[in-house]
$ cat entry-v2.csv   # CSV, C-alpha atoms (C1' of nucleotides)
chain,number,residue,atom,x,y,z
A,13,MET,CA,-145.1,21.7,-70.0
A,14,ALA,CA,-141.6,21.3,-71.5
A,15,ALA,CA,-140.9,22.6,-75.0
A,16,TYR,CA,-141.3,20.3,-77.9
A,17,ASP,CA,-138.6,18.6,-79.9
A,18,HIS,CA,-138.5,19.8,-83.5
A,19,PRO,CA,-136.4,17.9,-86.0
A,20,ASP,CA,-133.6,19.6,-87.8
A,21,PRO,CA,-134.2,20.3,-91.4
A,22,ALA,CA,-131.3,18.2,-92.4
A,23,THR,CA,-133.1,15.2,-91.0
A,24,PHE,CA,-136.5,15.8,-92.6
A,25,GLU,CA,-137.6,12.6,-94.5
A,26,LEU,CA,-139.6,12.9,-97.6
A,27,THR,CA,-141.8,9.9,-97.0
A,28,LEU,CA,-142.7,11.2,-93.5
A,29,VAL,CA,-143.6,14.6,-94.9
A,30,LEU,CA,-145.7,13.2,-97.7
A,31,ARG,CA,-147.5,10.9,-95.3
A,32,ALA,CA,-148.2,13.7,-92.9
A,33,LEU,CA,-149.7,15.7,-95.7
A,34,ALA,CA,-151.7,12.8,-97.1
A,35,ASP,CA,-154.5,13.1,-94.6
A,36,PRO,CA,-157.5,15.3,-95.0
A,37,ALA,CA,-157.6,16.5,-91.4
A,38,ARG,CA,-153.9,17.4,-91.4
A,39,LEU,CA,-154.1,19.0,-94.8
A,40,GLU,CA,-156.8,21.2,-93.4
A,41,ILE,CA,-154.6,22.2,-90.5
A,42,VAL,CA,-151.7,23.0,-92.8
A,43,ARG,CA,-153.9,25.1,-95.1
A,44,HIS,CA,-155.4,27.0,-92.2
A,45,LEU,CA,-152.0,27.8,-90.8
A,46,ALA,CA,-150.9,29.0,-94.3
A,47,ARG,CA,-153.7,31.5,-94.1
A,48,VAL,CA,-153.5,32.8,-90.6
A,49,GLY,CA,-149.8,32.3,-89.9
A,50,GLU,CA,-150.1,31.1,-86.3
A,51,ALA,CA,-152.9,29.4,-84.4
A,52,ASN,CA,-153.3,27.5,-81.2
A,53,CYS,CA,-154.8,24.0,-81.2
A,54,ALA,CA,-158.2,25.1,-79.9
A,55,THR,CA,-158.9,27.4,-82.9
A,56,LEU,CA,-158.1,24.5,-85.2
A,57,ILE,CA,-160.5,22.0,-83.7
A,58,GLY,CA,-163.6,21.5,-85.8
A,59,THR,CA,-165.7,18.6,-85.0
A,60,ARG,CA,-162.9,16.3,-84.0
A,61,PRO,CA,-162.1,15.6,-80.3
A,62,LYS,CA,-159.0,17.0,-78.8
A,63,SER,CA,-157.2,13.7,-78.6
A,64,SER,CA,-157.4,13.2,-82.4
A,65,MET,CA,-156.2,16.7,-83.1
A,66,SER,CA,-153.3,16.3,-80.7
A,67,HIS,CA,-152.3,13.2,-82.6
A,68,HIS,CA,-152.4,15.1,-85.9
A,69,PHE,CA,-150.3,17.9,-84.6
A,70,GLN,CA,-147.7,15.5,-83.4
A,71,VAL,CA,-147.5,13.8,-86.8
A,72,LEU,CA,-147.1,17.2,-88.4
A,73,ARG,CA,-144.5,18.3,-85.9
A,74,ASP,CA,-142.4,15.1,-86.1
A,75,SER,CA,-142.2,15.3,-89.9
A,76,GLY,CA,-141.0,18.9,-89.7
A,77,ILE,CA,-144.0,20.6,-91.2
A,78,LEU,CA,-144.9,22.8,-88.2
A,79,ARG,CA,-143.4,24.1,-85.0
A,80,THR,CA,-145.3,24.5,-81.8
A,81,ARG,CA,-144.4,27.4,-79.5
A,82,ILE,CA,-145.7,27.2,-75.9
A,83,GLU,CA,-147.1,30.4,-74.5
A,84,GLY,CA,-148.7,30.0,-71.1
A,85,VAL,CA,-151.4,27.4,-71.5
A,86,GLN,CA,-151.7,27.7,-75.2
A,87,HIS,CA,-149.7,26.0,-77.9
A,88,ARG,CA,-149.2,28.2,-80.9
A,89,ASN,CA,-148.5,26.4,-84.2
A,90,SER,CA,-147.0,27.7,-87.4
A,91,LEU,CA,-145.6,26.3,-90.6
A,92,ARG,CA,-141.9,25.7,-90.9
A,93,HIS,CA,-142.2,26.8,-94.5
A,94,GLU,CA,-138.7,28.2,-95.0
A,95,GLU,CA,-137.0,25.3,-93.3
A,96,LEU,CA,-139.1,22.8,-95.3
A,97,ASP,CA,-138.0,24.7,-98.5
A,98,THR,CA,-134.4,24.4,-97.7
A,99,ARG,CA,-134.7,20.6,-97.9
A,100,PHE,CA,-137.6,20.2,-100.2
A,101,PRO,CA,-137.8,23.3,-102.4
A,102,GLY,CA,-141.3,24.0,-103.7
A,103,LEU,CA,-142.9,21.0,-102.1
A,104,LEU,CA,-145.1,22.8,-99.6
A,105,THR,CA,-146.0,25.6,-102.0
A,106,ALA,CA,-147.1,23.0,-104.5
A,107,VAL,CA,-149.3,21.3,-102.0
A,108,LEU,CA,-150.8,24.6,-100.8
A,109,ASN,CA,-151.5,25.7,-104.3
A,110,ALA,CA,-153.2,22.4,-105.2
A,111,PRO,CA,-157.0,22.3,-105.5
B,16,MET,CA,-155.4,-8.3,-121.4
B,17,ALA,CA,-157.7,-5.2,-121.8
B,18,ALA,CA,-156.3,-1.7,-121.5
B,19,TYR,CA,-156.2,-0.1,-118.1
B,20,ASP,CA,-158.4,2.7,-116.9
B,21,HIS,CA,-156.5,5.9,-116.2
B,22,PRO,CA,-158.2,8.7,-114.3
B,23,ASP,CA,-158.8,12.1,-115.9
B,24,PRO,CA,-156.5,14.8,-114.6
B,25,ALA,CA,-159.5,16.8,-113.5
B,26,THR,CA,-160.4,14.1,-111.1
B,27,PHE,CA,-156.9,13.6,-109.5
B,28,GLU,CA,-157.1,13.9,-105.8
B,29,LEU,CA,-154.3,15.4,-103.8
B,30,THR,CA,-154.5,13.1,-100.8
B,31,LEU,CA,-154.4,10.1,-103.1
B,32,VAL,CA,-151.4,11.3,-105.0
B,33,LEU,CA,-149.5,12.2,-101.7
B,34,ARG,CA,-150.4,8.8,-100.2
B,35,ALA,CA,-149.2,7.0,-103.4
B,36,LEU,CA,-145.9,8.9,-103.2
B,37,ALA,CA,-145.5,8.4,-99.4
B,38,ASP,CA,-144.2,4.8,-99.8
B,39,PRO,CA,-140.5,3.9,-100.3
B,40,ALA,CA,-141.1,1.2,-102.9
B,41,ARG,CA,-143.4,3.5,-104.9
B,42,LEU,CA,-141.1,6.4,-104.6
B,43,GLU,CA,-138.3,4.3,-106.0
B,44,ILE,CA,-140.5,3.3,-109.0
B,45,VAL,CA,-141.4,6.9,-109.7
B,46,ARG,CA,-137.7,8.0,-109.5
B,47,HIS,CA,-136.7,5.2,-111.8
B,48,LEU,CA,-139.3,6.1,-114.3
B,49,ALA,CA,-138.2,9.8,-114.2
B,50,ARG,CA,-134.7,8.6,-115.2
B,51,VAL,CA,-135.5,6.1,-117.9
B,52,GLY,CA,-138.8,7.4,-119.3
B,53,GLU,CA,-140.5,4.2,-119.8
B,54,ALA,CA,-140.1,0.7,-118.3
B,55,ASN,CA,-142.0,-2.5,-118.0
B,56,CYS,CA,-142.8,-4.0,-114.6
B,57,ALA,CA,-140.1,-6.7,-114.8
B,58,THR,CA,-137.2,-4.2,-115.0
B,59,LEU,CA,-138.5,-2.4,-112.0
B,60,ILE,CA,-138.7,-5.4,-109.7
B,61,GLY,CA,-135.9,-5.5,-107.2
B,62,THR,CA,-136.2,-8.0,-104.4
B,63,ARG,CA,-139.9,-7.7,-104.0
B,64,PRO,CA,-142.3,-10.4,-105.4
B,65,LYS,CA,-144.4,-9.6,-108.5
B,66,SER,CA,-147.6,-9.5,-106.6
B,67,SER,CA,-146.3,-6.7,-104.3
B,68,MET,CA,-145.1,-4.7,-107.3
B,69,SER,CA,-148.4,-5.2,-109.1
B,70,HIS,CA,-150.1,-3.7,-106.1
B,71,HIS,CA,-147.9,-0.6,-106.1
B,72,PHE,CA,-148.3,0.0,-109.8
B,73,GLN,CA,-152.0,-0.1,-109.3
B,74,VAL,CA,-151.9,2.5,-106.5
B,75,LEU,CA,-149.7,4.7,-108.7
B,76,ARG,CA,-152.0,4.3,-111.7
B,77,ASP,CA,-155.2,4.9,-109.7
B,78,SER,CA,-153.8,8.1,-108.3
B,79,GLY,CA,-152.8,9.4,-111.8
B,80,ILE,CA,-149.1,9.3,-111.3
B,81,LEU,CA,-148.3,6.9,-114.1
B,82,ARG,CA,-149.9,5.4,-117.1
B,83,THR,CA,-149.5,1.8,-118.3
B,84,ARG,CA,-149.4,0.9,-122.0
B,85,ILE,CA,-149.8,-2.7,-123.0
B,86,GLU,CA,-147.5,-3.9,-125.7
B,87,GLY,CA,-147.8,-7.6,-126.3
B,88,VAL,CA,-147.0,-9.4,-123.0
B,89,GLN,CA,-145.3,-6.4,-121.5
B,90,HIS,CA,-146.8,-3.5,-119.6
B,91,ARG,CA,-144.9,-0.3,-120.2
B,92,ASN,CA,-145.1,2.3,-117.5
B,93,SER,CA,-144.3,6.0,-117.7
B,94,LEU,CA,-145.0,9.1,-115.6
B,95,ARG,CA,-148.0,11.3,-116.4
B,96,HIS,CA,-145.8,14.3,-115.5
B,97,GLU,CA,-147.5,16.9,-117.7
B,98,GLU,CA,-151.0,15.8,-116.8
B,99,LEU,CA,-150.1,15.8,-113.1
B,100,ASP,CA,-148.7,19.3,-113.6
B,101,THR,CA,-151.9,20.6,-115.0
B,102,ARG,CA,-153.6,19.9,-111.8
B,103,PHE,CA,-150.8,20.1,-109.2
B,104,PRO,CA,-148.2,22.4,-110.7
B,105,GLY,CA,-144.7,21.7,-109.5
B,106,LEU,CA,-145.6,18.9,-107.1
B,107,LEU,CA,-144.0,16.0,-108.9
B,108,THR,CA,-140.9,18.0,-109.7
B,109,ALA,CA,-140.5,19.0,-106.1
B,110,VAL,CA,-140.8,15.3,-105.1
B,111,LEU,CA,-138.3,14.2,-107.7
B,112,ASN,CA,-135.8,16.9,-106.7
B,113,ALA,CA,-136.1,16.0,-103.1
B,114,PRO,CA,-133.1,14.2,-101.4
C,30,DT,C1',-156.4,26.9,-52.5
C,31,DG,C1',-159.8,25.7,-55.8
C,32,DC,C1',-161.3,26.0,-60.4
C,33,DC,C1',-161.1,26.7,-65.3
C,34,DT,C1',-158.8,26.4,-69.7
C,35,DT,C1',-155.7,24.1,-72.9
C,36,DG,C1',-153.6,20.1,-74.5
C,37,DT,C1',-151.3,15.6,-73.8
C,38,DT,C1',-151.2,10.7,-72.8
C,39,DC,C1',-153.1,6.2,-72.4
C,40,DG,C1',-155.6,2.3,-73.9
C,41,DA,C1',-158.8,0.0,-76.8
C,42,DC,C1',-161.0,-0.5,-81.0
C,43,DT,C1',-161.4,-0.2,-86.0
C,44,DG,C1',-160.3,0.1,-90.6
C,45,DT,C1',-156.8,0.4,-93.9
C,46,DT,C1',-152.5,-1.0,-96.2
C,47,DA,C1',-148.4,-3.7,-97.2
C,48,DT,C1',-146.6,-8.3,-98.1
C,49,DC,C1',-146.4,-12.6,-100.4
C,50,DG,C1',-147.3,-17.3,-102.1
C,51,DA,C1',-150.2,-19.7,-105.3
C,52,DA,C1',-153.3,-19.9,-108.9
C,53,DC,C1',-154.7,-17.8,-113.1
C,54,DA,C1',-154.8,-15.0,-117.7
C,55,DA,C1',-152.9,-13.5,-121.9
C,56,DT,C1',-149.4,-13.3,-125.4
C,57,DA,C1',-145.6,-14.8,-128.0
C,58,DT,C1',-142.7,-18.5,-129.8
C,59,DG,C1',-140.9,-23.0,-130.9
D,13,DC,C1',-150.3,-27.3,-129.5
D,14,DA,C1',-147.0,-27.0,-125.7
D,15,DT,C1',-144.2,-24.0,-123.2
D,16,DA,C1',-142.1,-19.9,-121.5
D,17,DT,C1',-142.7,-15.0,-120.3
D,18,DT,C1',-145.2,-11.2,-118.2
D,19,DG,C1',-148.1,-9.6,-115.0
D,20,DT,C1',-152.8,-9.8,-112.4
D,21,DT,C1',-155.9,-11.7,-109.0
D,22,DC,C1',-157.0,-14.0,-104.8
D,23,DG,C1',-156.7,-15.0,-100.0
D,24,DA,C1',-154.5,-14.8,-95.7
D,25,DT,C1',-151.7,-12.5,-92.5
D,26,DA,C1',-149.5,-8.9,-90.1
D,27,DA,C1',-148.4,-4.2,-89.3
D,28,DC,C1',-149.8,0.4,-89.1
D,29,DA,C1',-152.7,4.5,-88.6
D,30,DG,C1',-156.9,7.1,-87.3
D,31,DT,C1',-160.5,7.7,-83.8
D,32,DC,C1',-162.1,8.7,-79.4
D,33,DG,C1',-163.3,8.7,-74.4
D,34,DA,C1',-161.2,9.1,-69.9
D,35,DA,C1',-157.6,10.4,-67.0
D,36,DC,C1',-153.9,13.4,-66.4
D,37,DA,C1',-150.7,17.7,-66.4
D,38,DA,C1',-149.7,22.5,-66.2
D,39,DG,C1',-150.6,27.3,-66.2
D,40,DG,C1',-153.7,31.3,-65.1
D,41,DC,C1',-156.8,33.4,-62.1
D,42,DA,C1',-160.2,34.4,-58.6
$ encode --input "entry-v2.csv" --output "structure tokens"
Amino acid sequence: MAAYDHPDPATFELTLVLRALADPARLEIVRHLARVGEANCATLIGTRPKSSMSHHFQVLRDSGILRTRIEGVQHRNSLRHEELDTRFPGLLTAVLNAP
Amino acid sequence: MAAYDHPDPATFELTLVLRALADPARLEIVRHLARVGEANCATLIGTRPKSSMSHHFQVLRDSGILRTRIEGVQHRNSLRHEELDTRFPGLLTAVLNAP
DNA sequence: TGCCTTGTTCGACTGTTATCGAACAATATG
DNA sequence: CATATTGTTCGATAACAGTCGAACAAGGCA
């Protein structure tokens, strides 16, 4: 599998980021990554099928919220917290701190 | 016209707030209110018809982002910035500061 | 090579949301 | 009272987004 395309921080769009975060499943993913740092897709799948999760990861990736690193057969995901902060300071932190 | 119902800050839901902000038209409204403090619907209507705007105001109101005060025939809108901050500290500020 | 694991892609379906005209409601004002 | 102003509600339509099974792709390993 070829590496993923990750958008440049300068091109992050606020509405895309907010929309990506405005979904319970994706918010769960983001919060989990904030705790564990890095995780592959499999460990993040709860009850949802793989195809649904794959979709959510793509939305999060396209908006700039996370990056996916390929290692063998696994795809390791982590937050792009610093990069997000360079364009939207404090946004991700506020979301992560929210109840 | 009877007064509007405004949700209590303790019941604000993050996904609702993020979804409300994740729309260009509504983001524009929020940014305008941040500048001018208070404004009635008419002054916020650009090219969109009244019915569309009325819908967006309702979404913003229901999520807790703004309050609407009725004065005569006008509906004056303003951000519930402090109340939003009590539940989601820094969130609205981060959104307002974003490019 | 054959098989297992990990994820993606495709296609269809479903539910939600935005948009907008038209009719309506409420208040002020002449 | 008649009319103008301000905004809501209704109903229809169209676009979008989430869900999920099935097929596919690629790497690791026996």
$ closest_atom_pairs --input "entry-v2.csv" --of "chain B" --to "chain C" --cutoff "7 Å" --atoms "all atoms listed in the file" --output "tab-separated table"
residue	atom	partner	partner_atom	distance
B:Met16	CA	C:DA55	C1'	5.8
B:Pro64	CA	C:DC49	C1'	6.8
B:Ser67	CA	C:DT48	C1'	6.4
B:Gly87	CA	C:DT56	C1'	6.0
B:Val88	CA	C:DT56	C1'	5.2
$ write_last_selection --input "entry-v2.csv" --atoms "C-alpha atoms" --output "mmCIF file, keeping the file's coordinate frame"
data_model
loop_
_atom_site.group_PDB
_atom_site.id
_atom_site.type_symbol
_atom_site.label_atom_id
_atom_site.label_comp_id
_atom_site.auth_asym_id
_atom_site.auth_seq_id
_atom_site.Cartn_x
_atom_site.Cartn_y
_atom_site.Cartn_z
ATOM 1 C CA MET B 16 -155.400 -8.300 -121.400
ATOM 2 C CA PRO B 64 -142.300 -10.400 -105.400
ATOM 3 C CA SER B 67 -146.300 -6.700 -104.300
ATOM 4 C CA GLY B 87 -147.800 -7.600 -126.300
ATOM 5 C CA VAL B 88 -147.000 -9.400 -123.000
#
$ interface_residues --input "entry-v2.csv" --of "chain B" --to "chain A" --cutoff "12 Å" --atoms "only C-alpha atoms" --output "PyMOL selection string"
chain B and resi 24-43+99-114
$ calpha_fit_and_write --input "entry-v2.csv" --fixed "chain B" --moving "chain A" --output "mmCIF file with C-alpha atoms, in the frame of the given file"
data_model
loop_
_atom_site.group_PDB
_atom_site.id
_atom_site.type_symbol
_atom_site.label_atom_id
_atom_site.label_comp_id
_atom_site.auth_asym_id
_atom_site.auth_seq_id
_atom_site.Cartn_x
_atom_site.Cartn_y
_atom_site.Cartn_z
ATOM 1 C CA MET A 13 -155.461 -8.263 -121.407
ATOM 2 C CA ALA A 14 -157.756 -5.212 -121.707
ATOM 3 C CA ALA A 15 -156.281 -1.722 -121.435
ATOM 4 C CA TYR A 16 -156.181 -0.052 -118.109
ATOM 5 C CA ASP A 17 -158.407 2.703 -116.831
ATOM 6 C CA HIS A 18 -156.501 5.926 -116.209
ATOM 7 C CA PRO A 19 -158.203 8.719 -114.320
ATOM 8 C CA ASP A 20 -158.707 12.057 -115.924
ATOM 9 C CA PRO A 21 -156.550 14.796 -114.637
ATOM 10 C CA ALA A 22 -159.514 16.767 -113.562
ATOM 11 C CA THR A 23 -160.328 14.036 -111.096
ATOM 12 C CA PHE A 24 -156.860 13.599 -109.591
ATOM 13 C CA GLU A 25 -157.098 13.892 -105.729
ATOM 14 C CA LEU A 26 -154.295 15.378 -103.823
ATOM 15 C CA THR A 27 -154.515 13.079 -100.846
ATOM 16 C CA LEU A 28 -154.410 10.007 -103.149
ATOM 17 C CA VAL A 29 -151.351 11.343 -104.934
ATOM 18 C CA LEU A 30 -149.518 12.186 -101.749
ATOM 19 C CA ARG A 31 -150.314 8.785 -100.303
ATOM 20 C CA ALA A 32 -149.130 7.021 -103.398
ATOM 21 C CA LEU A 33 -145.877 8.882 -103.191
ATOM 22 C CA ALA A 34 -145.458 8.337 -99.463
ATOM 23 C CA ASP A 35 -144.111 4.837 -99.796
ATOM 24 C CA PRO A 36 -140.503 3.969 -100.280
ATOM 25 C CA ALA A 37 -141.090 1.233 -102.846
ATOM 26 C CA ARG A 38 -143.370 3.438 -104.952
ATOM 27 C CA LEU A 39 -141.091 6.416 -104.633
ATOM 28 C CA GLU A 40 -138.370 4.250 -106.044
ATOM 29 C CA ILE A 41 -140.535 3.300 -108.987
ATOM 30 C CA VAL A 42 -141.425 6.916 -109.673
ATOM 31 C CA ARG A 43 -137.775 8.008 -109.513
ATOM 32 C CA HIS A 44 -136.670 5.218 -111.807
ATOM 33 C CA LEU A 45 -139.294 6.102 -114.356
ATOM 34 C CA ALA A 46 -138.174 9.790 -114.151
ATOM 35 C CA ARG A 47 -134.772 8.605 -115.225
ATOM 36 C CA VAL A 48 -135.492 6.135 -117.938
ATOM 37 C CA GLY A 49 -138.799 7.487 -119.227
ATOM 38 C CA GLU A 50 -140.556 4.155 -119.775
ATOM 39 C CA ALA A 51 -140.088 0.736 -118.216
ATOM 40 C CA ASN A 52 -142.008 -2.468 -117.978
ATOM 41 C CA CYS A 53 -142.809 -3.999 -114.584
ATOM 42 C CA ALA A 54 -140.131 -6.690 -114.798
ATOM 43 C CA THR A 55 -137.239 -4.169 -115.041
ATOM 44 C CA LEU A 56 -138.590 -2.452 -111.948
ATOM 45 C CA ILE A 57 -138.716 -5.490 -109.709
ATOM 46 C CA GLY A 58 -135.895 -5.580 -107.199
ATOM 47 C CA THR A 59 -136.209 -7.967 -104.430
ATOM 48 C CA ARG A 60 -139.941 -7.716 -104.063
ATOM 49 C CA PRO A 61 -142.285 -10.427 -105.470
ATOM 50 C CA LYS A 62 -144.391 -9.666 -108.438
ATOM 51 C CA SER A 63 -147.630 -9.515 -106.525
ATOM 52 C CA SER A 64 -146.360 -6.639 -104.324
ATOM 53 C CA MET A 65 -145.077 -4.704 -107.289
ATOM 54 C CA SER A 66 -148.353 -5.149 -109.132
ATOM 55 C CA HIS A 67 -150.111 -3.689 -106.133
ATOM 56 C CA HIS A 68 -147.780 -0.677 -106.140
ATOM 57 C CA PHE A 69 -148.292 -0.016 -109.778
ATOM 58 C CA GLN A 70 -152.003 -0.057 -109.346
ATOM 59 C CA VAL A 71 -151.839 2.469 -106.503
ATOM 60 C CA LEU A 72 -149.682 4.678 -108.681
ATOM 61 C CA ARG A 73 -151.944 4.291 -111.673
ATOM 62 C CA ASP A 74 -155.207 4.952 -109.772
ATOM 63 C CA SER A 75 -153.851 8.189 -108.287
ATOM 64 C CA GLY A 76 -152.844 9.413 -111.741
ATOM 65 C CA ILE A 77 -149.108 9.337 -111.321
ATOM 66 C CA LEU A 78 -148.324 6.855 -114.127
ATOM 67 C CA ARG A 79 -149.909 5.340 -117.188
ATOM 68 C CA THR A 80 -149.439 1.783 -118.255
ATOM 69 C CA ARG A 81 -149.363 0.995 -121.981
ATOM 70 C CA ILE A 82 -149.820 -2.681 -122.966
ATOM 71 C CA GLU A 83 -147.523 -3.933 -125.671
ATOM 72 C CA GLY A 84 -147.791 -7.651 -126.291
ATOM 73 C CA VAL A 85 -147.050 -9.330 -122.999
ATOM 74 C CA GLN A 86 -145.301 -6.428 -121.454
ATOM 75 C CA HIS A 87 -146.745 -3.486 -119.598
ATOM 76 C CA ARG A 88 -144.809 -0.329 -120.207
ATOM 77 C CA ASN A 89 -145.112 2.369 -117.515
ATOM 78 C CA SER A 90 -144.347 6.053 -117.677
ATOM 79 C CA LEU A 91 -144.993 9.133 -115.614
ATOM 80 C CA ARG A 92 -147.988 11.277 -116.370
ATOM 81 C CA HIS A 93 -145.836 14.261 -115.518
ATOM 82 C CA GLU A 94 -147.507 16.865 -117.729
ATOM 83 C CA GLU A 95 -151.002 15.824 -116.783
ATOM 84 C CA LEU A 96 -150.068 15.793 -113.070
ATOM 85 C CA ASP A 97 -148.673 19.380 -113.569
ATOM 86 C CA THR A 98 -151.832 20.637 -115.029
ATOM 87 C CA ARG A 99 -153.624 19.864 -111.749
ATOM 88 C CA PHE A 100 -150.825 20.066 -109.303
ATOM 89 C CA PRO A 101 -148.161 22.373 -110.743
ATOM 90 C CA GLY A 102 -144.674 21.659 -109.417
ATOM 91 C CA LEU A 103 -145.712 18.875 -107.116
ATOM 92 C CA LEU A 104 -143.989 16.007 -108.888
ATOM 93 C CA THR A 105 -140.893 18.033 -109.734
ATOM 94 C CA ALA A 106 -140.580 18.935 -106.085
ATOM 95 C CA VAL A 107 -140.783 15.356 -105.022
ATOM 96 C CA LEU A 108 -138.283 14.232 -107.680
ATOM 97 C CA ASN A 109 -135.868 16.916 -106.725
ATOM 98 C CA ALA A 110 -136.078 16.047 -103.011
ATOM 99 C CA PRO A 111 -133.173 14.194 -101.379
#
$ residues_around --input "entry-v2.csv" --residues "Leu81 in chain B" --least-positions-apart "4" --cutoff "9 Å" --atoms "only C-alpha atoms (C1' of nucleotides)" --output "PyMOL selection string"
chain B and resi 21+45+72+75-77+92-96
$ atom_distance --input "entry-v2.csv" --atom1 "CA of Val51 in chain B" --atom2 "C1' of DA16 in chain D"
27.1 Å
$ interface_residues --input "entry-v2.csv" --of "chain D" --to "chain B" --cutoff "12 Å" --atoms "all atoms listed in the file" --output "VMD selection string"
chain D and resid 16 to 22
$ atom_distance --input "entry-v2.csv" --atom1 "CA of Ala18 in chain B" --atom2 "CA of Ile85 in chain B"
6.7 Å
$ atom_distance --input "entry-v2.csv" --atom1 "CA of Ile77 in chain A" --atom2 "C1' of DC28 in chain D"
21.1 Å
$ build_atoms --input "entry-v2.csv" --residues "range 65-71 of chain A" --atoms "all heavy atoms" --output "compact mmCIF listing (two decimals), keeping the file's coordinate frame"
# COMPACT_ATOMS: atom_id res chain seq x y z
N MET A 65 -156.94 15.58 -82.58
CA MET A 65 -156.20 16.70 -83.10
C MET A 65 -154.74 16.69 -82.52
O MET A 65 -153.79 16.93 -83.25
CB MET A 65 -156.86 18.01 -82.66
CG MET A 65 -158.20 18.20 -83.31
SD MET A 65 -158.15 18.12 -85.11
CE MET A 65 -157.53 19.74 -85.49
N SER A 66 -154.62 16.36 -81.28
CA SER A 66 -153.30 16.30 -80.70
C SER A 66 -152.42 15.31 -81.43
O SER A 66 -151.23 15.56 -81.66
CB SER A 66 -153.43 15.88 -79.21
OG SER A 66 -152.21 15.99 -78.55
N HIS A 67 -153.02 14.21 -81.83
CA HIS A 67 -152.30 13.20 -82.60
C HIS A 67 -151.82 13.81 -83.95
O HIS A 67 -150.66 13.65 -84.34
CB HIS A 67 -153.18 12.00 -82.86
CG HIS A 67 -152.70 11.09 -83.94
ND1 HIS A 67 -151.54 10.36 -83.84
CD2 HIS A 67 -153.20 10.81 -85.16
CE1 HIS A 67 -151.36 9.66 -84.94
NE2 HIS A 67 -152.36 9.91 -85.76
N HIS A 68 -152.71 14.50 -84.64
CA HIS A 68 -152.40 15.10 -85.90
C HIS A 68 -151.25 16.11 -85.82
O HIS A 68 -150.35 16.18 -86.65
CB HIS A 68 -153.59 15.66 -86.60
CG HIS A 68 -154.57 14.63 -87.06
ND1 HIS A 68 -154.21 13.56 -87.85
CD2 HIS A 68 -155.90 14.49 -86.83
CE1 HIS A 68 -155.27 12.81 -88.09
NE2 HIS A 68 -156.31 13.35 -87.48
N PHE A 69 -151.34 16.91 -84.77
CA PHE A 69 -150.30 17.90 -84.60
C PHE A 69 -148.94 17.25 -84.35
O PHE A 69 -147.92 17.71 -84.84
CB PHE A 69 -150.64 18.82 -83.39
CG PHE A 69 -151.59 19.91 -83.76
CD1 PHE A 69 -152.88 19.93 -83.26
CD2 PHE A 69 -151.21 20.91 -84.65
CE1 PHE A 69 -153.77 20.93 -83.62
CE2 PHE A 69 -152.10 21.92 -85.01
CZ PHE A 69 -153.38 21.92 -84.49
N GLN A 70 -148.97 16.17 -83.64
CA GLN A 70 -147.70 15.50 -83.40
C GLN A 70 -147.10 14.92 -84.67
O GLN A 70 -145.89 15.04 -84.90
CB GLN A 70 -147.95 14.32 -82.40
CG GLN A 70 -146.66 13.65 -81.98
CD GLN A 70 -146.89 12.50 -81.02
OE1 GLN A 70 -147.98 12.36 -80.47
NE2 GLN A 70 -145.89 11.68 -80.85
N VAL A 71 -147.95 14.36 -85.53
CA VAL A 71 -147.50 13.80 -86.80
C VAL A 71 -146.86 14.97 -87.65
O VAL A 71 -145.79 14.82 -88.24
CB VAL A 71 -148.60 13.15 -87.58
CG1 VAL A 71 -148.16 12.77 -88.99
CG2 VAL A 71 -149.09 11.92 -86.83
